[in-house]
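Okay, model-v6.cif now, which holds mmCIF, C-alpha atoms and all ligand atoms:
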data_final
loop_
_atom_site.label_atom_id
_atom_site.label_comp_id
_atom_site.auth_asym_id
_atom_site.auth_seq_id
_atom_site.Cartn_x
_atom_site.Cartn_y
_atom_site.Cartn_z
CA MET A 15 -5.19 -7.02 26.91
CA LEU A 16 -1.40 -6.88 26.96
CA PHE A 17 0.65 -6.76 23.77
CA PRO A 18 3.89 -8.75 23.54
CA LYS A 19 7.15 -7.10 24.64
CA GLY A 20 9.06 -5.64 21.70
CA PHE A 21 5.89 -5.06 19.70
CA LEU A 22 6.48 -2.39 17.05
CA TRP A 23 4.13 0.57 17.06
CA GLY A 24 4.05 3.30 14.50
CA ALA A 25 2.41 4.89 11.52
CA ALA A 26 2.99 4.72 7.78
CA SER A 27 3.35 7.01 4.79
CA ALA A 28 4.62 6.86 1.21
CA SER A 29 6.98 9.11 -0.74
CA TYR A 30 4.68 10.62 -3.37
CA GLN A 31 1.85 11.12 -0.89
CA VAL A 32 3.86 13.30 1.49
CA GLU A 33 7.25 14.44 0.19
CA GLY A 34 6.30 17.08 -2.37
CA GLY A 35 8.34 18.29 -5.34
CA ILE A 36 8.23 15.04 -7.30
CA GLU A 37 7.65 15.71 -11.00
CA ASN A 38 9.44 12.90 -12.77
CA ASN A 39 6.98 10.03 -12.31
CA ASP A 40 3.80 8.70 -13.96
CA TRP A 41 1.46 10.30 -11.40
CA ALA A 42 2.93 13.78 -11.88
CA GLN A 43 2.63 13.27 -15.63
CA ALA A 44 -1.02 12.16 -15.26
CA ALA A 45 -1.68 15.29 -13.17
CA ARG A 46 -0.16 17.48 -15.91
CA GLU A 47 -2.58 15.80 -18.32
CA GLY A 48 -5.49 16.57 -15.98
CA LYS A 49 -6.25 12.93 -15.26
CA VAL A 50 -5.56 12.96 -11.50
CA PRO A 51 -5.28 15.74 -8.91
CA VAL A 52 -2.02 17.70 -8.71
CA CYS A 53 0.23 16.66 -5.80
CA GLY A 54 2.64 19.63 -5.86
CA LYS A 55 4.37 20.28 -2.57
CA ALA A 56 2.13 17.77 -0.71
CA THR A 57 3.06 18.10 2.98
CA ASP A 58 6.67 19.07 2.18
CA HIS A 59 7.82 16.09 4.24
CA TYR A 60 10.95 15.93 2.04
CA ASN A 61 12.18 19.05 3.86
CA ARG A 62 10.38 18.65 7.16
CA TYR A 63 11.05 15.00 8.04
CA GLU A 64 13.07 15.83 11.17
CA ALA A 65 10.23 17.79 12.73
CA ASP A 66 7.74 15.13 11.61
CA PHE A 67 9.78 12.35 13.23
CA ASP A 68 9.94 14.44 16.42
CA ILE A 69 6.16 14.33 16.43
CA ALA A 70 6.13 10.55 15.86
CA LYS A 71 8.52 10.11 18.76
CA SER A 72 6.48 12.39 20.99
CA LEU A 73 3.49 10.16 20.25
CA GLY A 74 5.33 7.14 21.65
CA HIS A 75 6.02 5.45 18.31
CA ASN A 76 8.98 3.07 18.13
CA ALA A 77 8.75 2.31 14.40
CA HIS A 78 7.88 4.15 11.19
CA ARG A 79 7.01 2.99 7.69
CA LEU A 80 7.98 5.11 4.69
CA SER A 81 8.91 4.63 1.06
CA ILE A 82 11.73 5.59 -1.26
CA GLU A 83 10.80 7.42 -4.44
CA TRP A 84 12.19 5.42 -7.36
CA SER A 85 12.05 8.45 -9.71
CA ARG A 86 14.38 10.37 -7.38
CA ILE A 87 16.91 7.54 -7.18
CA GLU A 88 16.87 6.60 -10.88
CA PRO A 89 15.69 9.72 -12.73
CA GLU A 90 16.79 8.27 -16.08
CA GLU A 91 17.32 4.67 -16.93
CA SER A 92 20.51 3.38 -15.26
CA ARG A 93 21.51 6.86 -14.08
CA PHE A 94 21.40 6.81 -10.30
CA ASN A 95 21.36 9.92 -8.18
CA GLU A 96 23.80 9.76 -5.26
CA ASP A 97 22.45 12.97 -3.72
CA GLU A 98 19.04 11.40 -3.30
CA ILE A 99 20.63 8.31 -1.77
CA GLU A 100 22.28 10.64 0.72
CA HIS A 101 18.93 12.27 1.40
CA TYR A 102 17.31 8.96 2.28
CA ARG A 103 20.37 7.96 4.32
CA LYS A 104 19.77 11.05 6.45
CA VAL A 105 16.06 10.24 6.68
CA LEU A 106 16.71 6.68 7.85
CA ARG A 107 19.38 7.78 10.29
CA SER A 108 17.13 10.44 11.76
CA LEU A 109 14.51 7.74 12.39
CA ARG A 110 17.00 5.44 14.08
CA SER A 111 18.52 8.23 16.15
CA ARG A 112 15.04 8.78 17.60
CA GLY A 113 14.52 5.09 18.34
CA LEU A 114 12.11 4.58 15.44
CA GLU A 115 12.67 1.29 13.58
CA PRO A 116 12.40 2.01 9.85
CA PHE A 117 10.21 -0.14 7.60
CA VAL A 118 11.13 0.84 4.07
CA THR A 119 9.07 0.27 0.94
CA LEU A 120 11.11 0.37 -2.25
CA TRP A 121 8.17 1.00 -4.54
CA HIS A 122 4.82 2.47 -3.46
CA PHE A 123 2.71 2.90 -6.63
CA THR A 124 4.64 5.61 -8.54
CA LEU A 125 6.89 4.78 -11.49
CA PRO A 126 9.74 6.86 -12.93
CA LEU A 127 8.57 8.42 -16.16
CA TRP A 128 11.21 6.68 -18.29
CA PHE A 129 10.01 3.30 -17.00
CA SER A 130 6.30 4.00 -17.48
CA ASN A 131 7.14 5.26 -21.00
CA LYS A 132 8.70 1.85 -21.64
CA GLY A 133 5.45 0.14 -20.62
CA GLY A 134 6.17 -0.13 -16.89
CA PHE A 135 5.49 -3.64 -15.65
CA GLN A 136 4.19 -4.60 -19.08
CA ASN A 137 7.75 -4.34 -20.34
CA PRO A 138 9.17 -7.86 -20.82
CA ASN A 139 12.30 -6.82 -18.87
CA ALA A 140 10.39 -5.20 -16.00
CA PRO A 141 11.56 -7.70 -13.35
CA GLU A 142 15.22 -7.07 -14.23
CA ILE A 143 14.70 -3.30 -14.35
CA PHE A 144 12.96 -3.31 -10.97
CA ALA A 145 15.46 -5.67 -9.35
CA ARG A 146 18.36 -3.52 -10.59
CA TYR A 147 16.86 -0.50 -8.83
CA CYS A 148 16.29 -2.48 -5.62
CA GLU A 149 19.81 -3.88 -5.75
CA TYR A 150 21.25 -0.40 -6.11
CA VAL A 151 19.31 1.01 -3.15
CA ILE A 152 20.23 -1.92 -0.92
CA SER A 153 23.90 -1.74 -1.92
CA LYS A 154 23.88 1.88 -0.71
CA LEU A 155 21.32 1.90 2.12
CA GLY A 156 20.98 -1.74 3.17
CA ASN A 157 22.74 -1.07 6.46
CA GLU A 158 20.37 1.75 7.39
CA ALA A 159 17.29 -0.44 8.03
CA ASN A 160 16.45 -4.06 8.85
CA PHE A 161 13.02 -4.27 7.25
CA TRP A 162 12.50 -3.81 3.52
CA MET A 163 9.39 -4.19 1.37
CA THR A 164 9.88 -4.41 -2.37
CA ILE A 165 6.30 -3.70 -3.47
CA ASN A 166 3.27 -2.07 -1.90
CA GLU A 167 -0.09 -3.72 -2.65
CA PRO A 168 0.62 -5.28 -6.05
CA LEU A 169 -3.01 -6.20 -6.70
CA VAL A 170 -4.48 -2.86 -5.69
CA TRP A 171 -2.03 -1.13 -8.00
CA ALA A 172 -2.66 -3.52 -10.90
CA SER A 173 -6.44 -3.63 -10.52
CA ILE A 174 -6.99 0.13 -10.30
CA GLY A 175 -4.47 0.86 -13.07
CA TYR A 176 -5.33 -2.01 -15.45
CA VAL A 177 -8.96 -2.99 -14.73
CA ALA A 178 -10.76 0.02 -13.24
CA GLY A 179 -8.62 2.37 -15.37
CA LYS A 180 -8.54 5.08 -12.70
CA TRP A 181 -4.81 5.24 -11.98
CA PRO A 182 -1.87 5.34 -14.37
CA PRO A 183 -1.66 3.77 -16.90
CA PHE A 184 -5.52 4.05 -17.05
CA LYS A 185 -6.12 0.74 -18.81
CA LYS A 186 -9.15 -1.49 -18.71
CA ASN A 187 -7.85 -4.82 -19.80
CA ILE A 188 -8.06 -7.94 -17.69
CA PHE A 189 -5.34 -9.68 -19.74
CA SER A 190 -2.89 -6.88 -19.07
CA PHE A 191 -3.84 -7.08 -15.41
CA HIS A 192 -2.97 -10.74 -15.31
CA PHE A 193 0.24 -10.23 -17.27
CA VAL A 194 1.36 -7.40 -15.04
CA THR A 195 0.55 -9.32 -11.86
CA ASN A 196 2.77 -12.17 -12.99
CA LYS A 197 5.55 -9.71 -13.81
CA LEU A 198 5.24 -8.31 -10.29
CA ILE A 199 5.64 -11.79 -8.82
CA ASN A 200 8.82 -12.28 -10.83
CA ALA A 201 10.03 -8.77 -10.07
CA HIS A 202 9.68 -9.38 -6.35
CA LYS A 203 11.41 -12.76 -6.48
CA LEU A 204 14.35 -11.41 -8.46
CA ALA A 205 14.68 -8.38 -6.18
CA TYR A 206 14.50 -10.66 -3.14
CA HIS A 207 17.45 -12.73 -4.44
CA LYS A 208 19.53 -9.65 -5.21
CA ILE A 209 18.82 -8.08 -1.82
CA LYS A 210 19.61 -11.26 0.10
CA LYS A 211 22.82 -11.67 -1.85
CA ILE A 212 24.00 -8.29 -0.64
CA ASN A 213 22.85 -8.85 2.95
CA PRO A 214 21.22 -12.14 3.96
CA ASN A 215 20.32 -10.71 7.36
CA LEU A 216 17.81 -8.17 6.07
CA SER A 217 14.12 -9.01 6.51
CA VAL A 218 12.45 -8.70 3.13
CA GLY A 219 8.79 -8.91 2.17
CA ILE A 220 6.00 -7.02 0.48
CA ALA A 221 3.00 -5.09 1.81
CA LYS A 222 -0.07 -7.06 0.81
CA HIS A 223 -3.60 -5.68 0.80
CA ASN A 224 -5.92 -8.44 2.01
CA ILE A 225 -9.68 -8.15 2.33
CA PHE A 226 -12.15 -9.76 4.73
CA PHE A 227 -14.42 -11.72 2.39
CA ASP A 228 -17.61 -13.29 3.67
CA SER A 229 -21.01 -14.30 2.35
CA ASP A 230 -24.52 -15.26 3.28
CA TYR A 231 -25.50 -18.95 3.32
CA TRP A 232 -26.29 -19.37 -0.37
CA PRO A 233 -23.88 -22.07 -1.60
CA TRP A 234 -23.12 -20.08 -4.73
CA ASN A 235 -22.13 -17.02 -2.68
CA ILE A 236 -19.96 -19.17 -0.44
CA VAL A 237 -18.14 -20.54 -3.49
CA ILE A 238 -17.63 -17.08 -5.00
CA SER A 239 -16.41 -15.67 -1.71
CA LYS A 240 -13.88 -18.47 -1.23
CA THR A 241 -12.66 -18.27 -4.82
CA VAL A 242 -12.21 -14.52 -4.79
CA CYS A 243 -10.56 -14.79 -1.38
CA TRP A 244 -8.06 -17.26 -2.75
CA TYR A 245 -7.34 -15.09 -5.78
CA TRP A 246 -7.06 -11.75 -3.99
CA ASN A 247 -5.62 -12.72 -0.62
CA HIS A 248 -3.51 -15.76 -1.36
CA ARG A 249 -2.46 -16.21 -4.96
CA PHE A 250 0.32 -13.63 -4.84
CA LEU A 251 1.44 -14.51 -1.32
CA SER A 252 1.59 -18.22 -2.16
CA ALA A 253 3.59 -17.52 -5.30
CA ILE A 254 6.26 -15.65 -3.33
CA ASP A 255 6.08 -17.86 -0.25
CA ASN A 256 9.73 -18.92 -0.47
CA HIS A 257 10.79 -15.34 -1.10
CA GLN A 258 9.58 -13.45 1.92
CA ASP A 259 10.82 -13.31 5.50
CA PHE A 260 7.73 -11.67 6.94
CA ILE A 261 4.23 -10.78 5.83
CA GLY A 262 3.41 -7.10 5.57
CA PHE A 263 -0.36 -6.92 5.81
CA ASN A 264 -2.48 -3.87 4.91
CA PHE A 265 -6.07 -4.03 6.08
CA TYR A 266 -9.00 -1.80 5.20
CA ASN A 267 -11.80 -3.60 3.44
CA HIS A 268 -14.72 -5.95 3.84
CA ARG A 269 -16.53 -7.54 0.89
CA ARG A 270 -19.67 -9.56 1.42
CA PHE A 271 -21.31 -11.73 -1.22
CA GLY A 272 -25.08 -11.91 -0.75
CA ASN A 273 -27.25 -10.25 1.85
CA GLY A 274 -25.93 -8.94 5.11
CA PRO A 275 -26.16 -6.19 7.68
CA ASP A 276 -25.23 -2.58 6.97
CA TYR A 277 -22.08 -1.49 8.72
CA PRO A 278 -21.00 2.03 9.66
CA LYS A 279 -18.73 3.54 7.03
CA THR A 280 -15.51 5.52 6.81
CA GLU A 281 -15.33 8.66 4.65
CA MET A 282 -14.02 6.40 1.87
CA GLY A 283 -17.33 4.53 2.08
CA TRP A 284 -15.57 1.45 3.49
CA ASP A 285 -17.23 -0.73 6.15
CA ILE A 286 -16.01 -0.32 9.69
CA LEU A 287 -15.82 -3.93 10.81
CA PRO A 288 -13.04 -4.47 13.38
CA GLU A 289 -13.41 -8.27 13.66
CA GLY A 290 -12.48 -8.49 9.98
CA ILE A 291 -8.83 -7.98 10.89
CA PHE A 292 -9.01 -10.95 13.26
CA TYR A 293 -10.29 -13.31 10.58
CA VAL A 294 -7.80 -12.19 7.96
CA LEU A 295 -4.92 -12.49 10.43
CA GLN A 296 -6.05 -16.04 11.18
CA GLU A 297 -5.96 -16.79 7.45
CA LEU A 298 -2.38 -15.51 7.26
CA GLN A 299 -1.23 -18.00 9.88
CA ARG A 300 -0.84 -20.63 7.17
CA TYR A 301 2.34 -18.92 5.92
CA ASN A 302 4.12 -19.46 9.22
CA LYS A 303 5.88 -16.12 9.06
CA PRO A 304 5.99 -13.13 11.39
CA ILE A 305 3.26 -10.67 10.47
CA TYR A 306 3.50 -6.90 10.61
CA ILE A 307 0.34 -4.88 10.01
CA THR A 308 1.92 -2.37 7.67
CA GLU A 309 -1.30 -0.34 7.19
CA ASN A 310 -4.70 0.03 8.84
CA GLY A 311 -6.58 3.27 9.14
CA ILE A 312 -9.61 5.45 8.56
CA ALA A 313 -10.45 8.59 6.60
CA ASP A 314 -12.15 10.69 9.28
CA SER A 315 -11.87 14.46 8.79
CA THR A 316 -13.55 15.30 12.11
CA ASP A 317 -11.54 12.75 14.12
CA THR A 318 -14.74 11.53 15.73
CA LYS A 319 -14.33 7.86 14.83
CA ARG A 320 -10.56 7.37 14.68
CA ALA A 321 -9.85 6.69 18.37
CA ASP A 322 -12.50 3.95 18.55
CA PHE A 323 -11.39 2.63 15.20
CA ILE A 324 -7.82 2.17 16.41
CA SER A 325 -8.87 0.67 19.76
CA ASN A 326 -11.36 -1.74 18.25
CA TYR A 327 -9.09 -2.95 15.47
CA LEU A 328 -6.26 -3.38 17.98
CA LYS A 329 -8.53 -5.42 20.26
CA ASN A 330 -9.00 -7.79 17.37
CA VAL A 331 -5.27 -7.83 16.65
CA HIS A 332 -4.77 -8.80 20.27
CA ARG A 333 -7.39 -11.51 19.94
CA ALA A 334 -5.45 -12.93 16.99
CA ILE A 335 -2.20 -12.86 18.97
CA ASN A 336 -3.93 -14.74 21.82
CA ASP A 337 -5.06 -17.23 19.26
CA GLY A 338 -1.44 -17.92 18.29
CA VAL A 339 -1.00 -15.60 15.31
CA ASP A 340 2.54 -14.19 15.27
CA VAL A 341 1.77 -10.46 14.90
CA ARG A 342 4.78 -8.30 15.75
CA GLY A 343 3.83 -4.77 14.83
CA TYR A 344 1.14 -2.30 13.83
CA PHE A 345 1.43 0.76 11.61
CA TYR A 346 -1.53 3.10 11.53
CA TRP A 347 -2.22 4.63 8.10
CA SER A 348 -1.39 7.40 8.00
CA PHE A 349 1.10 9.31 10.07
CA MET A 350 -0.28 12.56 8.67
CA ASP A 351 -2.87 13.72 6.16
CA ASN A 352 -1.61 13.27 2.64
CA TYR A 353 -2.29 12.94 -1.08
CA GLU A 354 -4.90 10.20 -1.29
CA TRP A 355 -4.23 9.31 -4.95
CA ALA A 356 -7.23 9.92 -7.23
CA TYR A 357 -9.02 11.71 -4.34
CA GLY A 358 -6.29 14.31 -3.95
CA PHE A 359 -6.03 15.97 -0.55
CA GLU A 360 -9.68 15.75 0.42
CA LYS A 361 -9.49 12.51 2.45
CA ARG A 362 -8.00 12.80 5.91
CA PHE A 363 -6.33 9.66 7.24
CA GLY A 364 -3.73 11.31 9.48
CA LEU A 365 -2.95 11.00 13.17
CA VAL A 366 -1.61 14.45 12.45
CA GLU A 367 -3.73 17.04 10.65
CA VAL A 368 -2.05 19.07 7.92
CA ASN A 369 -3.11 22.57 6.97
CA TYR A 370 -2.27 22.61 3.25
CA GLU A 371 -2.13 26.42 3.13
CA THR A 372 0.42 26.89 5.90
CA LEU A 373 1.73 23.29 6.08
CA GLU A 374 1.23 23.52 9.81
CA ARG A 375 0.91 20.18 11.63
CA LYS A 376 -1.62 19.63 14.40
CA ILE A 377 -1.81 16.42 16.40
CA ARG A 378 -5.34 15.00 16.43
CA PRO A 379 -6.88 13.85 19.76
CA SER A 380 -7.05 10.22 18.54
CA ALA A 381 -3.23 10.21 18.24
CA PHE A 382 -3.07 10.57 22.03
CA VAL A 383 -5.42 7.62 22.49
CA TYR A 384 -3.07 5.58 20.32
CA LYS A 385 -0.14 6.94 22.34
CA LYS A 386 -1.68 5.69 25.56
CA ILE A 387 -2.14 2.21 24.11
CA ILE A 388 1.50 2.22 23.02
CA GLU A 389 2.85 3.46 26.33
CA THR A 390 0.89 1.05 28.48
CA GLY A 391 1.23 -1.78 25.95
CA LYS A 392 -2.38 -2.66 26.55
CA ILE A 393 -5.97 -1.81 25.75
C1 LIG B 1 -2.23 2.44 0.10
C2 LIG B 1 -2.05 3.89 0.52
C3 LIG B 1 -3.40 4.58 0.56
C4 LIG B 1 -4.27 3.88 1.59
C5 LIG B 1 -5.64 4.48 1.79
C6 LIG B 1 -3.44 1.78 0.68
O1 LIG B 1 -4.10 1.08 -0.32
O2 LIG B 1 -1.06 1.72 0.32
O3 LIG B 1 -1.15 4.50 -0.35
O4 LIG B 1 -3.30 5.93 0.83
O5 LIG B 1 -4.44 2.55 1.21
O6 LIG B 1 -6.42 4.37 0.64
#

Go ahead and express the file in the form of structure tokens.
Amino acid sequence: MLFPKGFLWGAASASYQVEGGIENNDWAQAAREGKVPVCGKATDHYNRYEADFDIAKSLGHNAHRLSIEWSRIEPEESRFNEDEIEHYRKVLRSLRSRGLEPFVTLWHFTLPLWFSNKGGFQNPNAPEIFARYCEYVISKLGNEANFWMTINEPLVWASIGYVAGKWPPFKKNIFSFHFVTNKLINAHKLAYHKIKKINPNLSVGIAKHNIFFDSDYWPWNIVISKTVCWYWNHRFLSAIDNHQDFIGFNFYNHRRFGNGPDYPKTEMGWDILPEGIFYVLQELQRYNKPIYITENGIADSTDTKRADFISNYLKNVHRAINDGVDVRGYFYWSFMDNYEWAYGFEKRFGLVEVNYETLERKIRPSAFVYKKIIETGKI
């Protein structure tokens, strides 16, 4: 199974989950109020990115996904911090100097405190506020990367924060969920226009969490499965179809309606079902855009399942490519262990293990299995 030439291989992370020292956003505030675990210094990636990128390079990666922390760039409304821009310029340059193509997310779940205090994406002006931030970053850093994602997983963020009530802003209100989702669609579209106006050559998209939905043969379950699939997987993507140059696709979950077999589970309790990625990639073909798998990974503290997980999911990615799906890259989640949101540091997704006492990094055996796939370009 050979992967196409020029395929991008890497791993992903996000600012709040790894950088450390971020206190000025809604998650840090929620931690101070005892509602979510404290993130603190995390993996101190903010100071150790050079050494971390050396590890990524040594593992054969040729791309890397990361995010910019909005609360660092715009600590108060309309006051932008040039020093932090310079920090991220160095980060992006140190990726490129190592031959790692940067994939940059502008917003990965955490909101500056001033914005969340104004209602976040419930604020009527949220799209303009968000697009202004994106425009600023691109005007400063647009030349430092080709691939930009405005939003990470809009529906995951909105459903856990506004329906399940487990993430900031801890609401349980389906109407707010719907309102906020529509604001996110508009926010993305406006940001897309502003970014393209500055540099039409940049590739701009979002990272979308899609699920493999299936059902047993009961007609009712088939109808529910198809309806939920449309809502979760396609409503947002269809709405922004004319405002994205590629599809960033995050894949973790399977949801079956009706009876079905039991599948082995990850430490998050999620089904391990590699062929799911094949079916969801096939579904994404309808958008006729290049697809990058911007996240796929497993919480596996003992590293006993990760190597097979990566190989088996990649076999199914290859199967999709053979089938004509235009997949151009794969980012394992996560480059290293990190702050797994409401679970804190307990879940271990990393190719690289982090000792949170000493901050020492240790490459897990599965990372070398992934390295071999990358270097040979085949499974
Ligand atoms: C998110 C990551 C998260 C991962 C594992 C994705 O939903 O983008 O931030 O750590 O899944 O749960």

Report as number ranges by chain which protein, DNA and RNA residues come within 7 Å of ligand LIG 1 (chain B), using all atoms listed in the file. A: 28, 166-167, 170, 223, 347, 354-355

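Nearest to Asn61 (chain A) of all the residues A:Tyr102, A:Tyr277, A:Trp171, A:Trp84 is A:Tyr102, based on all atoms listed in the file.
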
May I have the residues at most 10 Å from (-14.1, 7.1, 12.4) in the file's coordinates, counting only C-alpha atoms, as a ChimeraX atom specification? /A:278-281,286,311-324,363,380

Could you jot down the CA of Arg146 (chain A) to CA of Glu37 (chain A) separation for me, Å, one decimal place? 22.0 Å

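Counting all atoms listed in the file, the residue from A:Trp232, A:Gly133, A:Ala159, A:Asp97 that sits nearest to Ser111 (chain A) is A:Ala159.
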
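Between Ile377 (chain A) and the candidates A:Trp41, A:Phe123, A:Asp66, A:Tyr245, the tightest atom-to-atom separation, counting all atoms listed in the file, involves A:Asp66.
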
Nearest to Lys185 (chain A) by atom-to-atom distance, counting only C-alpha atoms, from A:Ile87, A:Ile238, A:Leu204, A:Ala172: A:Ala172

Compile a residue-level contact table for region 162-200 of chain A against region 248-259 of chain A at a cut-off of 9 Å, reporting for every qualifying residue the shortest atom pair and its distance in Å to one decimal, with all atoms listed in the file counted, rows ordered by chain and ascending number, as CSV.
residue,atom,partner,partner_atom,distance
A:Pro168,CA,A:Phe250,CA,8.4
A:Leu169,CA,A:Phe250,CA,8.4
A:Thr195,CA,A:Phe250,CA,8.2
A:Asn196,CA,A:Phe250,CA,8.6
A:Ile199,CA,A:Ile254,CA,6.7
A:Asn200,CA,A:Ile254,CA,8.6

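Nearest residue to Leu287 (chain A) among A:Phe226, A:Trp246, A:Phe193, A:Phe129 is A:Phe226, counting only C-alpha atoms.
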
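Take the candidates A:Lys197, A:Lys186, A:His78, A:Arg86 and check each one against Ile174 (chain A) using only C-alpha atoms; the shortest distance goes to A:Lys186.
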
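For the pair CA of Gly113 (chain A) and CA of Phe161 (chain A), the interatomic distance is 14.6 Å.
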
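Between CA of Gly34 (chain A) and CA of Ala205 (chain A) there is a distance of 27.1 Å.
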
Hey, could you patch up region 292-303 of chain A with N, CA and C atoms and hand it over as a tab-separated table (two decimals), in the coordinates of the input?
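Output below, filename result-v2.tsv:
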chain	number	residue	atom	x	y	z
A	292	PHE	N	-9.27	-9.69	12.56
A	292	PHE	CA	-9.01	-10.95	13.26
A	292	PHE	C	-9.08	-12.13	12.29
A	293	TYR	N	-10.12	-12.17	11.48
A	293	TYR	CA	-10.29	-13.31	10.58
A	293	TYR	C	-9.19	-13.35	9.52
A	294	VAL	N	-8.82	-12.19	9.01
A	294	VAL	CA	-7.80	-12.19	7.96
A	294	VAL	C	-6.43	-12.52	8.55
A	295	LEU	N	-6.18	-12.09	9.78
A	295	LEU	CA	-4.92	-12.49	10.43
A	295	LEU	C	-4.88	-14.00	10.62
A	296	GLN	N	-6.00	-14.58	11.03
A	296	GLN	CA	-6.05	-16.04	11.18
A	296	GLN	C	-5.70	-16.75	9.88
A	297	GLU	N	-6.26	-16.21	8.77
A	297	GLU	CA	-5.96	-16.79	7.45
A	297	GLU	C	-4.47	-16.76	7.12
A	298	LEU	N	-3.80	-15.69	7.61
A	298	LEU	CA	-2.38	-15.51	7.26
A	298	LEU	C	-1.46	-16.44	8.03
A	299	GLN	N	-2.02	-17.09	9.04
A	299	GLN	CA	-1.23	-18.00	9.88
A	299	GLN	C	-0.62	-19.13	9.06
A	300	ARG	N	-1.31	-19.48	7.97
A	300	ARG	CA	-0.84	-20.63	7.17
A	300	ARG	C	0.57	-20.43	6.61
A	301	TYR	N	1.02	-19.16	6.51
A	301	TYR	CA	2.34	-18.92	5.92
A	301	TYR	C	3.48	-19.10	6.94
A	302	ASN	N	3.09	-19.22	8.21
A	302	ASN	CA	4.12	-19.46	9.22
A	302	ASN	C	5.24	-18.43	9.24
A	303	LYS	N	4.87	-17.19	9.08
A	303	LYS	CA	5.88	-16.12	9.06
A	303	LYS	C	5.44	-15.05	10.06
